[in-house]
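What follows is query10.tsv (TSV, C-alpha atoms).
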```tsv
chain	number	residue	atom	x	y	z
A	1	MET	CA	12.01	-54.77	-13.17
A	2	SER	CA	9.05	-52.55	-13.82
A	3	GLY	CA	5.45	-52.51	-14.92
A	4	GLY	CA	4.00	-51.71	-11.54
A	5	SER	CA	3.83	-53.69	-8.34
A	6	GLU	CA	0.64	-55.46	-9.50
A	7	VAL	CA	2.54	-57.12	-12.34
A	8	GLU	CA	5.41	-58.06	-10.04
A	9	HIS	CA	2.95	-59.49	-7.52
A	10	LEU	CA	1.35	-61.61	-10.25
A	11	ILE	CA	4.76	-62.89	-11.36
A	12	GLU	CA	5.61	-63.86	-7.76
A	13	LEU	CA	2.35	-65.79	-7.43
A	14	MET	CA	2.76	-67.53	-10.79
A	15	ALA	CA	6.29	-68.58	-9.77
A	16	LYS	CA	4.76	-70.58	-6.91
A	17	LEU	CA	3.05	-72.97	-9.33
A	18	PRO	CA	4.81	-76.31	-9.75
A	19	GLY	CA	6.95	-76.38	-12.87
A	20	LEU	CA	7.26	-72.60	-13.06
A	21	GLY	CA	10.20	-70.59	-11.69
A	22	PRO	CA	10.80	-66.83	-11.67
A	23	VAL	CA	11.97	-66.80	-15.32
A	24	SER	CA	9.12	-68.86	-16.76
A	25	ALA	CA	6.58	-67.00	-14.60
A	26	ARG	CA	7.82	-63.73	-16.11
A	27	ARG	CA	7.50	-65.20	-19.59
A	28	ALA	CA	3.98	-66.47	-18.83
A	29	VAL	CA	2.85	-63.11	-17.44
A	30	LEU	CA	4.25	-61.19	-20.41
A	31	SER	CA	2.51	-63.60	-22.76
A	32	MET	CA	-0.76	-63.11	-20.84
A	33	ILE	CA	-0.42	-59.33	-21.04
A	34	ARG	CA	0.19	-59.55	-24.78
A	35	LYS	CA	-2.95	-61.67	-25.15
A	36	LYS	CA	-5.07	-59.80	-22.62
A	37	SER	CA	-8.52	-60.44	-24.02
A	38	LEU	CA	-7.73	-63.82	-25.55
A	39	LEU	CA	-5.93	-65.41	-22.61
A	40	MET	CA	-5.63	-63.28	-19.49
A	41	ALA	CA	-9.27	-62.29	-19.06
A	42	PRO	CA	-10.64	-65.83	-19.63
A	43	LEU	CA	-7.92	-67.28	-17.37
A	44	ALA	CA	-8.71	-64.89	-14.51
A	45	LYS	CA	-12.41	-65.64	-14.91
A	46	ALA	CA	-11.94	-69.42	-15.08
A	47	MET	CA	-9.65	-69.35	-12.05
A	48	ALA	CA	-12.08	-67.31	-9.96
A	49	GLU	CA	-14.92	-69.59	-11.05
A	50	VAL	CA	-13.08	-72.79	-10.13
A	51	GLU	CA	-11.87	-71.22	-6.88
A	52	ALA	CA	-15.46	-70.39	-5.94
A	53	THR	CA	-17.10	-73.64	-7.01
A	54	VAL	CA	-14.61	-76.48	-6.73
A	55	ARG	CA	-14.95	-78.84	-3.76
A	56	GLU	CA	-14.31	-82.40	-2.69
A	57	CYS	CA	-16.88	-85.00	-3.80
A	58	ASN	CA	-18.72	-86.11	-0.65
A	59	ILE	CA	-18.41	-89.76	-1.64
A	60	CYS	CA	-15.06	-90.35	-3.30
A	61	GLY	CA	-12.88	-87.33	-2.58
A	62	ASN	CA	-12.44	-86.43	-6.27
A	63	ILE	CA	-12.69	-82.73	-7.06
A	64	THR	CA	-15.99	-81.53	-8.42
A	65	THR	CA	-18.10	-78.44	-8.78
A	66	HIS	CA	-21.19	-80.28	-7.51
A	67	GLN	CA	-21.97	-82.13	-4.29
A	68	PHE	CA	-20.99	-85.43	-5.95
A	69	CYS	CA	-18.54	-85.86	-8.81
A	70	ASP	CA	-19.39	-86.95	-12.37
A	71	ILE	CA	-18.13	-90.48	-11.70
A	72	CYS	CA	-20.12	-91.00	-8.50
A	73	ARG	CA	-23.25	-89.63	-10.19
A	74	ASN	CA	-22.82	-91.88	-13.24
A	75	PRO	CA	-25.23	-94.85	-12.88
A	76	LYS	CA	-23.28	-96.77	-15.55
A	77	ARG	CA	-20.23	-97.10	-13.30
A	78	ASP	CA	-19.96	-100.44	-11.50
A	79	GLN	CA	-20.96	-99.73	-7.90
A	80	SER	CA	-19.43	-102.94	-6.56
A	81	THR	CA	-15.78	-102.23	-7.46
A	82	LEU	CA	-13.94	-99.54	-5.54
A	83	CYS	CA	-10.46	-98.39	-6.57
A	84	VAL	CA	-8.51	-96.75	-3.72
A	85	LEU	CA	-6.06	-94.05	-4.83
A	86	GLU	CA	-3.64	-91.67	-3.21
A	87	SER	CA	-4.55	-88.47	-5.07
A	88	VAL	CA	-6.87	-86.83	-7.56
A	89	ALA	CA	-3.94	-86.80	-10.01
A	90	ASP	CA	-3.86	-90.60	-9.80
A	91	LEU	CA	-7.62	-90.72	-10.38
A	92	TRP	CA	-7.24	-88.63	-13.54
A	93	ALA	CA	-4.43	-90.91	-14.70
A	94	MET	CA	-6.70	-93.97	-14.21
A	95	GLU	CA	-9.52	-92.26	-16.11
A	96	ARG	CA	-7.17	-91.50	-19.00
A	97	GLY	CA	-6.47	-95.23	-19.13
A	98	ALA	CA	-10.26	-95.58	-19.68
A	99	SER	CA	-10.34	-99.28	-18.81
A	100	PHE	CA	-11.68	-99.07	-15.24
A	101	LYS	CA	-15.45	-98.90	-15.01
A	102	GLY	CA	-15.93	-98.97	-11.24
A	103	ARG	CA	-15.87	-96.18	-8.69
A	104	TYR	CA	-12.95	-94.50	-6.94
A	105	PHE	CA	-11.97	-93.52	-3.45
A	106	VAL	CA	-9.28	-90.85	-3.07
A	107	LEU	CA	-7.40	-90.96	0.24
A	108	GLY	CA	-5.80	-87.54	-0.16
A	109	GLY	CA	-2.34	-88.82	0.78
A	110	VAL	CA	-0.61	-91.81	2.33
A	111	LEU	CA	0.27	-92.70	5.91
A	112	SER	CA	3.60	-91.31	6.98
A	113	ALA	CA	5.00	-91.59	10.49
A	114	LEU	CA	7.70	-89.05	9.63
A	115	ASP	CA	5.22	-86.40	8.47
A	116	GLY	CA	2.73	-87.27	11.23
A	117	ILE	CA	0.04	-88.39	8.80
A	118	THR	CA	-2.33	-90.75	10.61
A	119	PRO	CA	-5.33	-92.74	9.25
A	120	GLU	CA	-7.61	-90.04	10.70
A	121	SER	CA	-5.91	-87.21	8.81
A	122	LEU	CA	-6.53	-89.17	5.59
A	123	ARG	CA	-10.01	-90.35	4.58
A	124	ILE	CA	-9.39	-93.94	5.72
A	125	PRO	CA	-12.22	-94.10	8.35
A	126	MET	CA	-14.69	-92.95	5.63
A	127	LEU	CA	-13.36	-95.65	3.30
A	128	ILE	CA	-13.78	-98.40	5.92
A	129	GLU	CA	-17.29	-97.14	6.68
A	130	GLN	CA	-18.23	-97.11	2.99
A	131	VAL	CA	-16.90	-100.62	2.38
A	132	VAL	CA	-18.38	-102.12	5.56
A	133	GLY	CA	-21.66	-100.34	4.76
A	134	GLY	CA	-22.15	-102.85	1.94
A	135	GLY	CA	-22.57	-102.86	-1.84
A	136	VAL	CA	-18.85	-103.23	-2.51
A	137	SER	CA	-17.50	-106.64	-3.49
A	138	GLU	CA	-13.95	-105.72	-4.53
A	139	VAL	CA	-11.51	-103.08	-3.30
A	140	ILE	CA	-8.54	-102.43	-5.60
A	141	LEU	CA	-5.66	-100.93	-3.62
A	142	ALA	CA	-4.06	-98.88	-6.41
A	143	LEU	CA	-1.66	-96.96	-4.19
A	144	ASN	CA	1.72	-95.93	-5.50
A	145	ALA	CA	4.51	-98.50	-5.26
A	146	THR	CA	6.42	-96.41	-2.71
A	147	MET	CA	7.23	-97.37	0.86
A	148	ASP	CA	4.48	-95.13	2.30
A	149	GLY	CA	1.99	-96.20	-0.38
A	150	GLN	CA	2.53	-99.88	0.43
A	151	THR	CA	2.35	-99.24	4.20
A	152	THR	CA	-1.01	-97.54	3.66
A	153	ALA	CA	-2.25	-100.43	1.49
A	154	HIS	CA	-1.31	-102.92	4.22
A	155	TYR	CA	-3.01	-100.83	6.89
A	156	ILE	CA	-6.25	-100.69	4.87
A	157	ALA	CA	-6.06	-104.43	4.14
A	158	GLU	CA	-5.74	-105.09	7.85
A	159	GLN	CA	-8.73	-102.89	8.66
A	160	LEU	CA	-10.82	-104.71	6.08
A	161	SER	CA	-9.61	-108.22	6.90
A	162	ASP	CA	-12.86	-109.05	8.74
A	163	SER	CA	-15.12	-107.95	5.89
A	164	ALA	CA	-16.07	-110.19	2.97
A	165	VAL	CA	-14.76	-107.92	0.20
A	166	ALA	CA	-12.03	-109.14	-2.14
A	167	LEU	CA	-8.85	-107.06	-1.85
A	168	THR	CA	-6.69	-106.74	-4.96
A	169	SER	CA	-3.73	-104.64	-6.05
A	170	LEU	CA	-2.39	-103.56	-9.44
A	171	ALA	CA	-0.08	-106.00	-11.23
A	172	GLN	CA	3.60	-105.20	-11.12
A	173	GLY	CA	5.83	-105.79	-14.11
A	174	VAL	CA	7.46	-104.31	-17.18
A	175	PRO	CA	5.66	-101.14	-18.41
A	176	ILE	CA	4.32	-101.23	-21.99
A	177	GLY	CA	7.15	-99.98	-24.19
A	178	GLY	CA	9.62	-100.37	-21.34
A	179	GLU	CA	13.16	-101.60	-21.94
A	180	LEU	CA	14.69	-104.08	-19.50
A	181	ASN	CA	17.95	-102.18	-19.72
A	182	TYR	CA	16.38	-99.12	-18.06
A	183	LEU	CA	14.29	-100.91	-15.41
A	184	ASP	CA	15.31	-101.23	-11.77
A	185	ASP	CA	16.14	-104.64	-10.30
A	186	GLY	CA	12.97	-104.73	-8.16
A	187	THR	CA	10.69	-104.34	-11.18
A	188	ILE	CA	12.53	-107.02	-13.15
A	189	ALA	CA	12.32	-109.41	-10.18
A	190	ALA	CA	8.59	-108.69	-9.77
A	191	ALA	CA	7.94	-109.21	-13.48
A	192	LEU	CA	9.90	-112.48	-13.42
A	193	ASN	CA	8.02	-113.79	-10.37
A	194	ALA	CA	4.68	-112.99	-11.97
A	195	ARG	CA	5.62	-114.42	-15.40
A	196	LYS	CA	2.85	-116.01	-17.43
A	197	VAL	CA	2.46	-118.52	-20.26
A	198	PHE	CA	3.33	-116.95	-23.61
B	1	MET	CA	-10.69	-86.75	-16.73
B	2	SER	CA	-13.19	-85.35	-14.29
B	3	GLY	CA	-13.73	-82.58	-11.80
B	4	GLY	CA	-16.25	-80.74	-13.88
B	5	SER	CA	-15.95	-78.83	-17.12
B	6	GLU	CA	-14.85	-75.68	-15.23
B	7	VAL	CA	-11.68	-77.41	-14.08
B	8	GLU	CA	-11.03	-78.83	-17.55
B	9	HIS	CA	-11.56	-75.39	-19.08
B	10	LEU	CA	-9.03	-73.90	-16.64
B	11	ILE	CA	-6.50	-76.61	-17.50
B	12	GLU	CA	-6.96	-75.90	-21.22
B	13	LEU	CA	-6.35	-72.19	-20.68
B	14	MET	CA	-3.30	-72.77	-18.45
B	15	ALA	CA	-1.84	-75.07	-21.11
B	16	LYS	CA	-1.78	-72.10	-23.50
B	17	LEU	CA	0.84	-70.31	-21.39
B	18	PRO	CA	4.38	-70.56	-22.73
B	19	GLY	CA	6.39	-73.25	-20.96
B	20	LEU	CA	3.28	-75.17	-19.86
B	21	GLY	CA	1.81	-78.14	-21.70
B	22	PRO	CA	-1.28	-80.24	-20.92
B	23	VAL	CA	0.56	-82.31	-18.28
B	24	SER	CA	2.15	-79.42	-16.40
B	25	ALA	CA	-1.07	-77.38	-16.66
B	26	ARG	CA	-2.91	-80.24	-14.97
B	27	ARG	CA	-0.27	-80.35	-12.25
B	28	ALA	CA	-0.47	-76.58	-11.75
B	29	VAL	CA	-4.27	-76.61	-11.53
B	30	LEU	CA	-4.29	-79.49	-9.03
B	31	SER	CA	-1.72	-77.65	-6.94
B	32	MET	CA	-3.85	-74.50	-7.06
B	33	ILE	CA	-6.94	-76.43	-5.98
B	34	ARG	CA	-4.99	-77.93	-3.07
B	35	LYS	CA	-3.89	-74.43	-2.02
B	36	LYS	CA	-7.16	-72.69	-2.75
B	37	SER	CA	-6.99	-69.84	-0.28
B	38	LEU	CA	-3.20	-69.52	-0.27
B	39	LEU	CA	-2.57	-69.58	-4.00
B	40	MET	CA	-5.64	-69.85	-6.20
B	41	ALA	CA	-7.70	-67.00	-4.75
B	42	PRO	CA	-4.78	-64.48	-4.70
B	43	LEU	CA	-3.75	-65.58	-8.20
B	44	ALA	CA	-7.24	-65.11	-9.64
B	45	LYS	CA	-7.46	-61.71	-7.95
B	46	ALA	CA	-4.00	-60.56	-9.08
B	47	MET	CA	-4.70	-61.70	-12.62
B	48	ALA	CA	-8.04	-59.88	-12.81
B	49	GLU	CA	-6.41	-56.77	-11.34
B	50	VAL	CA	-3.52	-56.75	-13.82
B	51	GLU	CA	-5.92	-57.54	-16.65
B	52	ALA	CA	-8.03	-54.53	-15.72
B	53	THR	CA	-5.24	-52.04	-15.05
B	54	VAL	CA	-2.22	-52.93	-17.17
B	55	ARG	CA	-1.55	-50.84	-20.27
B	56	GLU	CA	1.19	-49.58	-22.53
B	57	CYS	CA	3.18	-46.59	-21.26
B	58	ASN	CA	2.27	-43.66	-23.51
B	59	ILE	CA	5.90	-42.64	-23.83
B	60	CYS	CA	8.08	-45.74	-24.01
B	61	GLY	CA	5.78	-48.71	-24.65
B	62	ASN	CA	6.74	-50.48	-21.41
B	63	ILE	CA	3.82	-52.06	-19.51
B	64	THR	CA	2.45	-50.09	-16.63
B	65	THR	CA	-0.65	-49.68	-14.53
B	66	HIS	CA	-0.49	-45.89	-14.85
B	67	GLN	CA	-0.52	-43.57	-17.85
B	68	PHE	CA	3.30	-43.47	-17.79
B	69	CYS	CA	5.59	-46.21	-16.49
B	70	ASP	CA	7.83	-45.99	-13.39
B	71	ILE	CA	10.91	-45.40	-15.52
B	72	CYS	CA	9.44	-42.57	-17.59
B	73	ARG	CA	8.10	-40.92	-14.42
B	74	ASN	CA	11.45	-41.21	-12.63
B	75	PRO	CA	13.19	-37.77	-12.75
B	76	LYS	CA	16.52	-39.37	-11.85
B	77	ARG	CA	16.69	-41.24	-15.15
B	78	ASP	CA	18.86	-39.58	-17.78
B	79	GLN	CA	16.42	-37.97	-20.25
B	80	SER	CA	19.02	-37.58	-22.98
B	81	THR	CA	19.86	-41.25	-23.55
B	82	LEU	CA	17.26	-43.46	-25.20
B	83	CYS	CA	17.68	-47.22	-25.44
B	84	VAL	CA	15.61	-48.79	-28.24
B	85	LEU	CA	14.46	-52.36	-27.54
B	86	GLU	CA	12.40	-55.00	-29.27
B	87	SER	CA	10.21	-56.11	-26.36
B	88	VAL	CA	9.20	-55.49	-22.76
B	89	ALA	CA	11.04	-58.72	-21.86
B	90	ASP	CA	14.24	-57.11	-23.20
B	91	LEU	CA	13.54	-53.99	-21.12
B	92	TRP	CA	13.19	-56.09	-17.97
B	93	ALA	CA	16.45	-57.87	-18.81
B	94	MET	CA	18.22	-54.48	-19.17
B	95	GLU	CA	16.76	-53.31	-15.85
B	96	ARG	CA	18.01	-56.46	-14.11
B	97	GLY	CA	21.47	-55.54	-15.39
B	98	ALA	CA	20.93	-52.29	-13.42
B	99	SER	CA	23.70	-50.41	-15.21
B	100	PHE	CA	21.63	-48.36	-17.64
B	101	LYS	CA	20.31	-45.10	-16.21
B	102	GLY	CA	18.63	-43.58	-19.27
B	103	ARG	CA	15.16	-44.09	-20.70
B	104	TYR	CA	13.81	-46.82	-22.95
B	105	PHE	CA	11.76	-47.12	-26.10
B	106	VAL	CA	10.05	-50.46	-26.78
B	107	LEU	CA	9.26	-51.10	-30.45
B	108	GLY	CA	6.97	-54.04	-29.79
B	109	GLY	CA	8.62	-56.21	-32.43
B	110	VAL	CA	11.01	-56.00	-35.36
B	111	LEU	CA	10.50	-55.37	-39.06
B	112	SER	CA	9.78	-58.51	-41.01
B	113	ALA	CA	8.91	-58.60	-44.69
B	114	LEU	CA	7.88	-62.26	-44.38
B	115	ASP	CA	5.40	-61.58	-41.56
B	116	GLY	CA	4.24	-58.30	-43.12
B	117	ILE	CA	5.48	-56.17	-40.22
B	118	THR	CA	6.06	-52.63	-41.45
B	119	PRO	CA	7.50	-49.58	-39.58
B	120	GLU	CA	3.93	-48.35	-39.08
B	121	SER	CA	2.79	-51.56	-37.35
B	122	LEU	CA	5.66	-51.10	-34.88
B	123	ARG	CA	6.14	-47.89	-32.90
B	124	ILE	CA	8.90	-46.58	-35.19
B	125	PRO	CA	7.12	-43.34	-36.28
B	126	MET	CA	6.59	-42.45	-32.59
B	127	LEU	CA	10.29	-43.10	-31.93
B	128	ILE	CA	11.41	-40.84	-34.78
B	129	GLU	CA	9.00	-38.13	-33.60
B	130	GLN	CA	10.29	-38.39	-30.03
B	131	VAL	CA	13.95	-38.20	-31.07
B	132	VAL	CA	13.44	-35.41	-33.62
B	133	GLY	CA	11.35	-33.56	-31.02
B	134	GLY	CA	14.58	-32.88	-29.11
B	135	GLY	CA	16.07	-33.57	-25.72
B	136	VAL	CA	17.72	-36.79	-26.80
B	137	SER	CA	21.45	-36.80	-27.50
B	138	GLU	CA	22.11	-40.54	-27.85
B	139	VAL	CA	20.02	-43.42	-29.19
B	140	ILE	CA	21.29	-46.89	-28.28
B	141	LEU	CA	19.97	-49.45	-30.74
B	142	ALA	CA	19.85	-52.50	-28.43
B	143	LEU	CA	17.93	-54.74	-30.78
B	144	ASN	CA	18.55	-58.47	-30.80
B	145	ALA	CA	21.45	-59.70	-32.92
B	146	THR	CA	19.10	-61.51	-35.32
B	147	MET	CA	18.64	-60.80	-39.01
B	148	ASP	CA	15.30	-58.98	-38.44
B	149	GLY	CA	16.67	-57.12	-35.40
B	150	GLN	CA	19.62	-55.80	-37.37
B	151	THR	CA	17.42	-54.87	-40.34
B	152	THR	CA	15.24	-52.85	-37.99
B	153	ALA	CA	18.30	-51.16	-36.43
B	154	HIS	CA	19.53	-50.16	-39.89
B	155	TYR	CA	16.11	-48.83	-40.85
B	156	ILE	CA	15.94	-46.66	-37.71
B	157	ALA	CA	19.52	-45.46	-38.25
B	158	GLU	CA	18.58	-44.40	-41.78
B	159	GLN	CA	15.50	-42.52	-40.57
B	160	LEU	CA	17.59	-40.67	-37.98
B	161	SER	CA	20.58	-39.99	-40.23
B	162	ASP	CA	19.58	-36.33	-40.68
B	163	SER	CA	19.25	-35.65	-36.96
B	164	ALA	CA	22.14	-34.69	-34.69
B	165	VAL	CA	21.75	-37.57	-32.23
B	166	ALA	CA	24.57	-40.07	-31.71
B	167	LEU	CA	23.57	-43.61	-32.71
B	168	THR	CA	25.24	-46.47	-30.84
B	169	SER	CA	24.73	-50.21	-30.54
B	170	LEU	CA	25.62	-52.79	-27.87
B	171	ALA	CA	29.15	-54.24	-27.99
B	172	GLN	CA	29.46	-57.73	-29.44
B	173	GLY	CA	31.86	-60.25	-27.94
B	174	VAL	CA	32.36	-63.13	-25.55
B	175	PRO	CA	29.65	-63.26	-22.81
B	176	ILE	CA	30.87	-63.11	-19.18
B	177	GLY	CA	31.54	-66.70	-18.13
B	178	GLY	CA	31.34	-67.84	-21.75
B	179	GLU	CA	33.63	-70.54	-23.10
B	180	LEU	CA	35.14	-70.10	-26.56
B	181	ASN	CA	34.53	-73.77	-27.21
B	182	TYR	CA	30.76	-73.25	-27.09
B	183	LEU	CA	30.58	-69.95	-28.98
B	184	ASP	CA	29.58	-69.67	-32.60
B	185	ASP	CA	32.09	-68.53	-35.20
B	186	GLY	CA	30.38	-65.16	-35.74
B	187	THR	CA	30.70	-64.21	-32.06
B	188	ILE	CA	34.36	-65.22	-31.94
B	189	ALA	CA	35.09	-63.21	-35.09
B	190	ALA	CA	33.25	-60.16	-33.65
B	191	ALA	CA	35.13	-60.44	-30.33
B	192	LEU	CA	38.44	-60.74	-32.17
B	193	ASN	CA	37.72	-57.72	-34.38
B	194	ALA	CA	36.79	-55.62	-31.33
B	195	ARG	CA	39.74	-56.82	-29.22
B	196	LYS	CA	41.21	-54.34	-26.73
B	197	VAL	CA	44.49	-53.78	-24.84
B	198	PHE	CA	44.78	-56.15	-21.86
```

Re-express the file's structure as structure tokens.
Amino acid sequence: MSGGSEVEHLIELMAKLPGLGPVSARRAVLSMIRKKSLLMAPLAKAMAEVEATVRECNICGNITTHQFCDICRNPKRDQSTLCVLESVADLWAMERGASFKGRYFVLGGVLSALDGITPESLRIPMLIEQVVGGGVSEVILALNATMDGQTTAHYIAEQLSDSAVALTSLAQGVPIGGELNYLDDGTIAAALNARKVF
Amino acid sequence: MSGGSEVEHLIELMAKLPGLGPVSARRAVLSMIRKKSLLMAPLAKAMAEVEATVRECNICGNITTHQFCDICRNPKRDQSTLCVLESVADLWAMERGASFKGRYFVLGGVLSALDGITPESLRIPMLIEQVVGGGVSEVILALNATMDGQTTAHYIAEQLSDSAVALTSLAQGVPIGGELNYLDDGTIAAALNARKVF
């Protein structure tokens, strides 16, 4: 390979991004070099800018370039409904759905005995404090339907069992556009148990 | 989506890289934000550095951070053999092969009547000048085996027909590890025509 060690260093760094390997990183870097002023310069600038300004929202854990994120600062969002999520990626997915009008709380992970992730290493104490502090009437536990996600949901439910808030979770069933043929047995059983009048 | 317009702007730019779409760009940006000091800061720095320093080698058209690239500055490379390539990506592929010890010449594209690409918009006049200037005894036309690549090879061969240099091209045949079953008819015919004693 050639082009100077700077180029090679950039390729190595790009290859660390998820979804990119050494070959696609090389392709991306060559494409950037070809479009230096159109793509590479703005990308370097945007990256440095985000790196310098991005932080965790003090309230919900979403990423933001301010002290509080756009959602927490939005007075139109329902302050009484709090949706608890595992990650910022999940928050973005919920926002794309555009049907939830409440606020979020991002845990930043799920409990995992194997990985040594305790409630304190997540943002669970902050969540409990926020809910107990008042103003919240419903907490939606929208954690992923994995073993660790469900363990975390149960732990939070236990912690909040003394408070008056309603605890809910997302419905389980057949995804829109899903075909029974391709669904796992657990999903089909859950959808059957939760069947409703046609 | 949220996280501020800076983050969205970065995602949009990342999605312009080849091999990345909106979904994988989002994933890459989230991963960068999670590894701010380990990945995002070095990446922004490396990108700005390459953007500021990278340029075309004055001799061969390879990318470099100096006036001349590592290969052109290397006195151990055979000065009399010149390998003509379509792109820097092709040059890197040849270098990974590590069996060519001569110098390169990158055209920066191939002739295309449809796209209005003439010899002058490529680096063909510089190539002719360099070869006619002397010191080169063999020109390997290693252009891609596409219609435009072969047209370009023929054009260069015609331009150099009066000079004393030997013109060669890469052998065509079955790739190492290739299965006949998956090869196109043209490749099989070429391999058969160029068959050699076992």

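Nearest residue to chain A, choosing from B:Ala15, B:Ala28, B:Leu85, B:Leu38 and counting all atoms listed in the file: B:Ala28.
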
Fill in the blank from the handout: Using only C-alpha atoms, the residue out of A:Pro22, A:Gly61, A:Glu95, A:Ser169 with shortest distance to chain B is A:Glu95

Practice task
Give as JSON, numbers by chain every residue of chain A that touches chain B within 8 Å, counting only C-alpha atoms.
Solution key: {"A": [1, 2, 3, 4, 6, 7, 9, 10, 13, 14, 16, 17, 18, 19, 20, 24, 27, 28, 30, 31, 32, 33, 36, 39, 40, 41, 42, 43, 44, 45, 46, 47, 48, 49, 50, 51, 54, 62, 63, 64, 65, 69, 70, 71, 88, 89, 92, 93, 95, 96]}

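Candidate residues B:Ala166, B:Leu143, B:Ile124, B:Cys83 were compared for distance to Phe100 of chain B, and the nearest is B:Cys83, using only C-alpha atoms.
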
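The two atoms in question, atom CA of Ile176 of chain A and atom CA of Gln79 of chain A, are spaced 29.0 Å apart.
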
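Here the question is which of B:Ile59, B:Ala189, B:Leu107, B:Val132 gets nearest to Glu120 of chain B using only C-alpha atoms, and that residue is B:Leu107.
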
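Atom CA of Thr118 of chain A is positioned 16.7 Å from atom CA of Val84 of chain A.
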
Practice task
Provide the atom CA of Arg103 of chain B to atom CA of Leu82 of chain B distance in Å, to one decimal place.
Solution key: 5.0 Å

Practice task
Taking the point (14.7, -62.9, -39.7) as given in the file, collect each protein or nucleic acid residue that comes within 12 Å of it, counting all atoms listed in the file, and present the set as a PyMOL selection string.
Solution key: chain B and resi 109-117+144-152

Exercise for the section: Write out as a PyMOL selection string each polymer residue whose atoms come within 6 Å of Thr187 of chain B, counting only C-alpha atoms; drop sequence neighbours fewer than 3 positions from it. Expected result: chain B and resi 173+184+190

Would you place a box with edges along x, y and z of the file around all atoms of segment 133-138 of chain A listed there, add 6 Å to each of its six sides, and report the centre and edge lengths in Å to one decimal, as JSON?
```
{"center_x": -18.3, "center_y": -103.5, "center_z": 0.1, "size_x": 20.6, "size_y": 18.3, "size_z": 21.3}
```
